[in-house]
Each structure stands twice: as structure tokens, then as C-alpha cells.
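Next comes final.pdb, a file with PDB, C-alpha atoms and all ligand atoms.
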MODEL        1
ATOM      1  CA  MET A 266       4.998  20.617  -0.225  1.00  0.00           C
ATOM      2  CA  THR A 267       4.391  22.669   2.867  1.00  0.00           C
ATOM      3  CA  THR A 268       4.259  20.922   6.202  1.00  0.00           C
ATOM      4  CA  ILE A 269       2.465  22.496   9.121  1.00  0.00           C
ATOM      5  CA  THR A 270       3.255  21.038  12.534  1.00  0.00           C
ATOM      6  CA  HIS A 271       1.400  22.309  15.552  1.00  0.00           C
ATOM      7  CA  SER A 272       1.896  21.637  19.232  1.00  0.00           C
ATOM      8  CA  GLY A 273       1.162  22.891  22.706  1.00  0.00           C
ATOM      9  CA  TYR A 274      -2.035  23.258  24.697  1.00  0.00           C
ATOM     10  CA  GLY A 275      -5.034  25.584  25.091  1.00  0.00           C
ATOM     11  CA  TYR A 276      -5.884  25.868  21.397  1.00  0.00           C
ATOM     12  CA  SER A 277      -8.163  24.336  18.807  1.00  0.00           C
ATOM     13  CA  LYS A 278      -6.275  22.053  16.423  1.00  0.00           C
ATOM     14  CA  THR A 279      -9.060  22.440  13.863  1.00  0.00           C
ATOM     15  CA  LEU A 280      -8.827  26.217  13.940  1.00  0.00           C
ATOM     16  CA  CYS A 281      -5.018  26.165  13.806  1.00  0.00           C
ATOM     17  CA  GLU A 282      -4.975  23.858  10.769  1.00  0.00           C
ATOM     18  CA  HIS A 283      -7.767  25.614   8.883  1.00  0.00           C
ATOM     19  CA  VAL A 284      -6.540  29.181   9.392  1.00  0.00           C
ATOM     20  CA  SER A 285      -2.919  28.380   8.533  1.00  0.00           C
ATOM     21  CA  SER A 286      -3.720  26.279   5.469  1.00  0.00           C
ATOM     22  CA  TRP A 287      -6.258  28.896   4.263  1.00  0.00           C
ATOM     23  CA  TYR A 288      -3.550  31.569   4.500  1.00  0.00           C
ATOM     24  CA  LEU A 289      -0.875  29.488   2.766  1.00  0.00           C
ATOM     25  CA  ASN A 290      -3.266  28.676  -0.101  1.00  0.00           C
ATOM     26  CA  GLU A 291      -4.549  32.238  -0.369  1.00  0.00           C
ATOM     27  CA  PHE A 292      -1.001  33.561  -0.766  1.00  0.00           C
ATOM     28  CA  HIS A 293       0.358  30.561  -2.688  1.00  0.00           C
ATOM     29  CA  LEU A 294       2.979  29.809  -0.057  1.00  0.00           C
ATOM     30  CA  ASN A 295       2.882  26.173  -1.062  1.00  0.00           C
ATOM     31  CA  ASP A 296       6.545  25.651  -1.876  1.00  0.00           C
ATOM     32  CA  GLU A 297       8.882  23.621   0.271  1.00  0.00           C
ATOM     33  CA  LEU A 298       8.115  25.104   3.644  1.00  0.00           C
ATOM     34  CA  ASN A 299       8.170  23.766   7.176  1.00  0.00           C
ATOM     35  CA  LEU A 300       5.986  25.754   9.504  1.00  0.00           C
ATOM     36  CA  TYR A 301       5.883  24.988  13.221  1.00  0.00           C
ATOM     37  CA  ILE A 302       3.071  26.533  15.211  1.00  0.00           C
ATOM     38  CA  SER A 303       3.509  26.150  18.949  1.00  0.00           C
ATOM     39  CA  HIS A 304       1.208  27.309  21.709  1.00  0.00           C
ATOM     40  CA  ARG A 305       2.345  28.360  25.169  1.00  0.00           C
ATOM     41  CA  SER A 306       1.549  31.078  27.679  1.00  0.00           C
ATOM     42  CA  LEU A 307       3.010  34.375  26.447  1.00  0.00           C
ATOM     43  CA  LYS A 308       1.548  36.352  29.340  1.00  0.00           C
ATOM     44  CA  SER A 309       4.953  37.348  30.716  1.00  0.00           C
ATOM     45  CA  GLU A 310       6.007  38.557  27.258  1.00  0.00           C
ATOM     46  CA  GLY A 311       2.861  40.666  26.914  1.00  0.00           C
ATOM     47  CA  ALA A 312       2.233  39.428  23.376  1.00  0.00           C
ATOM     48  CA  THR A 313      -0.251  37.183  21.619  1.00  0.00           C
ATOM     49  CA  GLY A 314       2.307  35.817  19.167  1.00  0.00           C
ATOM     50  CA  PHE A 315       5.745  35.739  17.577  1.00  0.00           C
ATOM     51  CA  CYS A 316       7.115  34.624  14.226  1.00  0.00           C
ATOM     52  CA  TYR A 317      10.719  33.501  13.756  1.00  0.00           C
ATOM     53  CA  SER A 318      12.771  32.444  10.793  1.00  0.00           C
ATOM     54  CA  ILE A 319      14.792  29.321  11.537  1.00  0.00           C
ATOM     55  CA  SER A 320      16.160  28.984   7.997  1.00  0.00           C
ATOM     56  CA  ASP A 321      15.036  29.870   4.455  1.00  0.00           C
ATOM     57  CA  ASP A 322      12.418  27.141   4.485  1.00  0.00           C
ATOM     58  CA  GLU A 323      11.731  26.721   8.203  1.00  0.00           C
ATOM     59  CA  TYR A 324       9.680  29.103  10.284  1.00  0.00           C
ATOM     60  CA  GLU A 325       8.151  29.055  13.731  1.00  0.00           C
ATOM     61  CA  ILE A 326       5.073  30.819  15.012  1.00  0.00           C
ATOM     62  CA  GLU A 327       4.367  30.959  18.723  1.00  0.00           C
ATOM     63  CA  LEU A 328       0.881  31.773  19.923  1.00  0.00           C
ATOM     64  CA  ASP A 329      -0.566  32.525  23.336  1.00  0.00           C
ATOM     65  CA  VAL A 330      -2.995  30.018  24.844  1.00  0.00           C
ATOM     66  CA  TYR A 331      -6.724  30.237  25.623  1.00  0.00           C
ATOM     67  CA  LEU A 332      -7.320  33.100  23.203  1.00  0.00           C
ATOM     68  CA  ASN A 333     -10.953  33.471  22.209  1.00  0.00           C
ATOM     69  CA  LYS A 334     -11.853  32.446  18.679  1.00  0.00           C
ATOM     70  CA  THR A 335     -11.681  35.917  17.108  1.00  0.00           C
ATOM     71  CA  LEU A 336      -8.437  36.854  18.816  1.00  0.00           C
ATOM     72  CA  TYR A 337      -6.896  33.488  17.940  1.00  0.00           C
ATOM     73  CA  ILE A 338      -7.733  33.847  14.242  1.00  0.00           C
ATOM     74  CA  LYS A 339      -6.518  37.471  14.144  1.00  0.00           C
ATOM     75  CA  SER A 340      -3.292  36.657  16.004  1.00  0.00           C
ATOM     76  CA  LEU A 341      -2.511  33.705  13.756  1.00  0.00           C
ATOM     77  CA  ILE A 342      -3.191  35.775  10.611  1.00  0.00           C
ATOM     78  CA  HIS A 343      -0.983  38.535  12.051  1.00  0.00           C
ATOM     79  CA  GLU A 344       1.918  36.115  12.564  1.00  0.00           C
ATOM     80  CA  LEU A 345       1.358  34.609   9.109  1.00  0.00           C
ATOM     81  CA  CYS A 346       1.717  38.141   7.685  1.00  0.00           C
ATOM     82  CA  HIS A 347       5.120  38.261   9.397  1.00  0.00           C
ATOM     83  CA  LEU A 348       5.842  34.889   7.762  1.00  0.00           C
ATOM     84  CA  THR A 349       5.163  36.498   4.372  1.00  0.00           C
ATOM     85  CA  GLN A 350       7.528  39.338   5.344  1.00  0.00           C
ATOM     86  CA  TRP A 351      10.262  36.809   6.194  1.00  0.00           C
ATOM     87  CA  ILE A 352       9.766  34.851   2.977  1.00  0.00           C
ATOM     88  CA  SER A 353       9.752  37.977   0.784  1.00  0.00           C
ATOM     89  CA  GLY A 354      12.930  39.219   2.467  1.00  0.00           C
ATOM     90  CA  ASP A 355      11.221  42.328   3.884  1.00  0.00           C
ATOM     91  CA  LEU A 356      12.103  41.027   7.336  1.00  0.00           C
ATOM     92  CA  SER A 357      15.711  39.985   7.766  1.00  0.00           C
ATOM     93  CA  ILE A 358      18.464  39.723  10.314  1.00  0.00           C
ATOM     94  CA  GLN A 359      21.398  41.987   9.497  1.00  0.00           C
ATOM     95  CA  GLN A 360      24.375  42.250  11.825  1.00  0.00           C
ATOM     96  CA  GLY A 361      22.378  40.327  14.405  1.00  0.00           C
ATOM     97  CA  LYS A 362      19.483  42.795  14.363  1.00  0.00           C
ATOM     98  CA  LEU A 363      15.972  42.523  13.017  1.00  0.00           C
ATOM     99  CA  HIS A 364      15.485  44.704   9.925  1.00  0.00           C
ATOM    100  CA  TYR A 365      12.396  45.605   7.910  1.00  0.00           C
ATOM    101  CA  ARG A 366      13.092  46.666   4.323  1.00  0.00           C
ATOM    102  CA  ASN A 367      16.732  47.214   5.303  1.00  0.00           C
ATOM    103  CA  GLU A 368      15.914  49.522   8.237  1.00  0.00           C
ATOM    104  CA  PRO A 369      16.572  48.350  11.805  1.00  0.00           C
ATOM    105  CA  VAL A 370      13.150  47.764  13.399  1.00  0.00           C
ATOM    106  CA  GLU A 371      13.970  49.949  16.394  1.00  0.00           C
ATOM    107  CA  PHE A 372      13.567  52.897  13.995  1.00  0.00           C
ATOM    108  CA  THR A 373      10.479  51.590  12.236  1.00  0.00           C
ATOM    109  CA  GLU A 374       7.282  49.930  13.316  1.00  0.00           C
ATOM    110  CA  LEU A 375       6.285  49.441   9.685  1.00  0.00           C
ATOM    111  CA  HIS A 376       6.449  45.654   9.866  1.00  0.00           C
ATOM    112  CA  GLU A 377       3.877  45.794  12.690  1.00  0.00           C
ATOM    113  CA  SER A 378       1.557  48.357  11.104  1.00  0.00           C
ATOM    114  CA  ASP A 379       1.685  46.371   7.863  1.00  0.00           C
ATOM    115  CA  ALA A 380       0.739  43.174   9.726  1.00  0.00           C
ATOM    116  CA  TYR A 381      -2.086  44.906  11.663  1.00  0.00           C
ATOM    117  CA  VAL A 382      -3.595  46.344   8.481  1.00  0.00           C
ATOM    118  CA  LYS A 383      -3.452  42.940   6.769  1.00  0.00           C
ATOM    119  CA  GLU A 384      -4.798  41.124   9.837  1.00  0.00           C
ATOM    120  CA  ASN A 385      -7.909  43.342   9.812  1.00  0.00           C
ATOM    121  CA  GLU A 386      -8.329  43.082   6.036  1.00  0.00           C
ATOM    122  CA  LEU A 387      -7.995  39.310   6.033  1.00  0.00           C
ATOM    123  CA  PHE A 388     -10.004  38.434   9.138  1.00  0.00           C
ATOM    124  CA  PRO A 389     -13.482  38.696   7.490  1.00  0.00           C
ATOM    125  CA  LYS A 390     -12.268  36.696   4.466  1.00  0.00           C
ATOM    126  CA  CYS A 391     -10.855  33.962   6.674  1.00  0.00           C
ATOM    127  CA  ALA A 392     -13.910  33.905   8.970  1.00  0.00           C
ATOM    128  CA  SER A 393     -16.255  33.517   6.017  1.00  0.00           C
ATOM    129  CA  TYR A 394     -14.074  30.688   4.645  1.00  0.00           C
ATOM    130  CA  LEU A 395     -14.189  28.972   8.052  1.00  0.00           C
ATOM    131  CA  SER A 396     -17.936  29.335   8.505  1.00  0.00           C
ATOM    132  CA  GLY A 397     -18.453  27.900   5.017  1.00  0.00           C
ATOM    133  CA  THR A 398     -16.062  25.008   5.595  1.00  0.00           C
ATOM    134  CA  LEU A 399     -16.634  23.934   9.187  1.00  0.00           C
ATOM    135  CA  SER A 400     -20.021  22.618  10.217  1.00  0.00           C
ATOM    136  CA  SER A 401     -21.925  25.112  12.357  1.00  0.00           C
ATOM    137  CA  ARG A 402     -21.869  22.649  15.261  1.00  0.00           C
ATOM    138  CA  LEU A 403     -18.070  22.473  15.111  1.00  0.00           C
ATOM    139  CA  TRP A 404     -17.778  26.237  14.626  1.00  0.00           C
ATOM    140  CA  GLN A 405     -19.891  26.770  17.783  1.00  0.00           C
ATOM    141  CA  LYS A 406     -17.815  24.253  19.702  1.00  0.00           C
ATOM    142  CA  ILE A 407     -14.549  26.057  19.003  1.00  0.00           C
ATOM    143  CA  ASN A 408     -14.387  28.553  21.769  1.00  0.00           C
ATOM    144  CA  TYR A 409     -11.612  29.208  24.179  1.00  0.00           C
ATOM    145  CA  THR A 410     -11.968  32.092  26.535  1.00  0.00           C
ATOM    146  CA  CYS A 411      -9.439  33.268  29.091  1.00  0.00           C
TER     147      CYS A 411
HETATM  148 ZN    ZN B 501       3.557  41.596  14.903  1.00  0.00          ZN
ENDMDL
END
Using C-alpha cells, write down the structure that the file contains.
Ligand SMILES: [Zn+2]
Amino acid sequence: MTTITHSGYGYSKTLCEHVSSWYLNEFHLNDELNLYISHRSLKSEGATGFCYSISDDEYEIELDVYLNKTLYIKSLIHELCHLTQWISGDLSIQQGKLHYRNEPVEFTELHESDAYVKENELFPKCASYLSGTLSSRLWQKINYTC
């Protein structure tokens, strides 16, 4: 069973749970997996999110706070695509450095372009799932703007 634990501030718990469980079901990532999703200000890092591998069955996603609904969904999907890359072994740490398909990432941005393509492909699918699942009142209520 996969366990999703989320924490932090400035985010919608409903959106976090629905987007992450939609993704895990869509890609059948339902094996023994512990996923921690934490929310904090990433302003100084100039990013909307990060995804780390803690061990083979433990991963952490960090997301920026007060993202609007669209940006939140896209950023979470983007980080979940990195999760898939970690699980498949496409992303790995070799000699202390991040590698994508056995190439050090400083020589390739392929892991990012791959995640951006998937994020844009998956966003409409996820949004239509959410609008069909959440009541329209709740969907309207979920809105964080910077
Ligand atoms: Zn990325």
C-alpha cells in the first residue's frame, strides 16, 4: 500500500490528496511506497518544487506555497513525473551526483524536458478528473493566489 503524508502551510489538502492519488493510480504506483509531500516557501530557491529519493520506497516532494490552483496542479504533476523517473531508475545518484539515464544531469536537461512535456500532457486529464470528482462548490473554493 502507498502512503501519502502531506504537511506544511499555504496549500489545499484536498487538492494535494486528489492530485497525488490520481497520479499514483493512473500510473499504477500502488506498491509499497511512502510519499511525503511538504509545503514551504521555495522563493529563495527560485523553484516551485523538488523531488528527492530517500530510499527505494521512500520519496519526498517539496512544493512552494500559495501557488494558484493551476500552477499547484502542474507543479505537483511535474514532481510526480520525477518520482516516476526515480522509481524507474532513470534518475539515480552515481558517485554522489544526480544522473538521468546514466548521464550526469549537468550535461543533460532531459529529465526536466521530459517532466515538462508530461506535466502539460497530464494537466487536462487531471483537471477533468478533479472537476468530475470534487463538487463545483469545493472546486471554486480551492484557490490560493500569491
Ligand atoms: Zn523538474
Target residues per the PyMOL selection byres (((not hetatm)) within 9 of (chain B and resi 501)), formatted as a ChimeraX atom specification: /A:312-316,340,343-344,346-347,376-381
Export of the given selection (C-alpha atoms) as a short mmCIF file (atom, residue, chain, number, x, y, z; two decimals), keeping the file's coordinate frame:
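This is the output file part04.cif:
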data_model
loop_
_atom_site.label_atom_id
_atom_site.label_comp_id
_atom_site.auth_asym_id
_atom_site.auth_seq_id
_atom_site.Cartn_x
_atom_site.Cartn_y
_atom_site.Cartn_z
CA ALA A 312 2.23 39.43 23.38
CA THR A 313 -0.25 37.18 21.62
CA GLY A 314 2.31 35.82 19.17
CA PHE A 315 5.74 35.74 17.58
CA CYS A 316 7.12 34.62 14.23
CA SER A 340 -3.29 36.66 16.00
CA HIS A 343 -0.98 38.53 12.05
CA GLU A 344 1.92 36.12 12.56
CA CYS A 346 1.72 38.14 7.68
CA HIS A 347 5.12 38.26 9.40
CA HIS A 376 6.45 45.65 9.87
CA GLU A 377 3.88 45.79 12.69
CA SER A 378 1.56 48.36 11.10
CA ASP A 379 1.68 46.37 7.86
CA ALA A 380 0.74 43.17 9.73
CA TYR A 381 -2.09 44.91 11.66
#
Shortest interatomic distance to A:Tyr301 - which of A:Ile342, A:Val284, A:Ile326, A:Val382, counting all atoms listed in the file: A:Ile326
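Between atom CA of A:Thr398 and atom CA of A:Asp322 there is a distance of 28.6 Å.
Of the residues listed (A:Ile407, A:Asn299, A:Glu327, A:Leu289), A:Glu327 shows the shortest atom-to-atom separation from A:Ser272; distances use only C-alpha atoms.
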Pairwise distance for atom CA of A:Tyr394 and atom CA of A:Ser286, rounded to one decimal in Å: 11.3 Å
Target residues per the PyMOL selection byres (((chain A and resi 275) around 8) and not hetatm), formatted as a ChimeraX atom specification: /A:273-274,276-277,304-305,330-331,409
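Nearest residue to A:Thr268, choosing from A:Glu323, A:Glu310, A:Glu291, A:Glu368 and counting all atoms listed in the file: A:Glu323.
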Gap from atom CA of A:Asn333 to atom CA of A:Trp404 - Å, one decimal: 12.5 Å
Picked residues, the PyMOL selection byres (((chain A and resi 296) around 12) and not hetatm), expected as a ChimeraX atom specification: /A:266-268,289-290,292-295,297-300,321-323,352
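With all atoms listed in the file as the atoms that count, the minimum distance from A:Lys278 to the choices A:Lys390, A:Ser320, A:Lys308, A:Leu403 is reached by A:Leu403.
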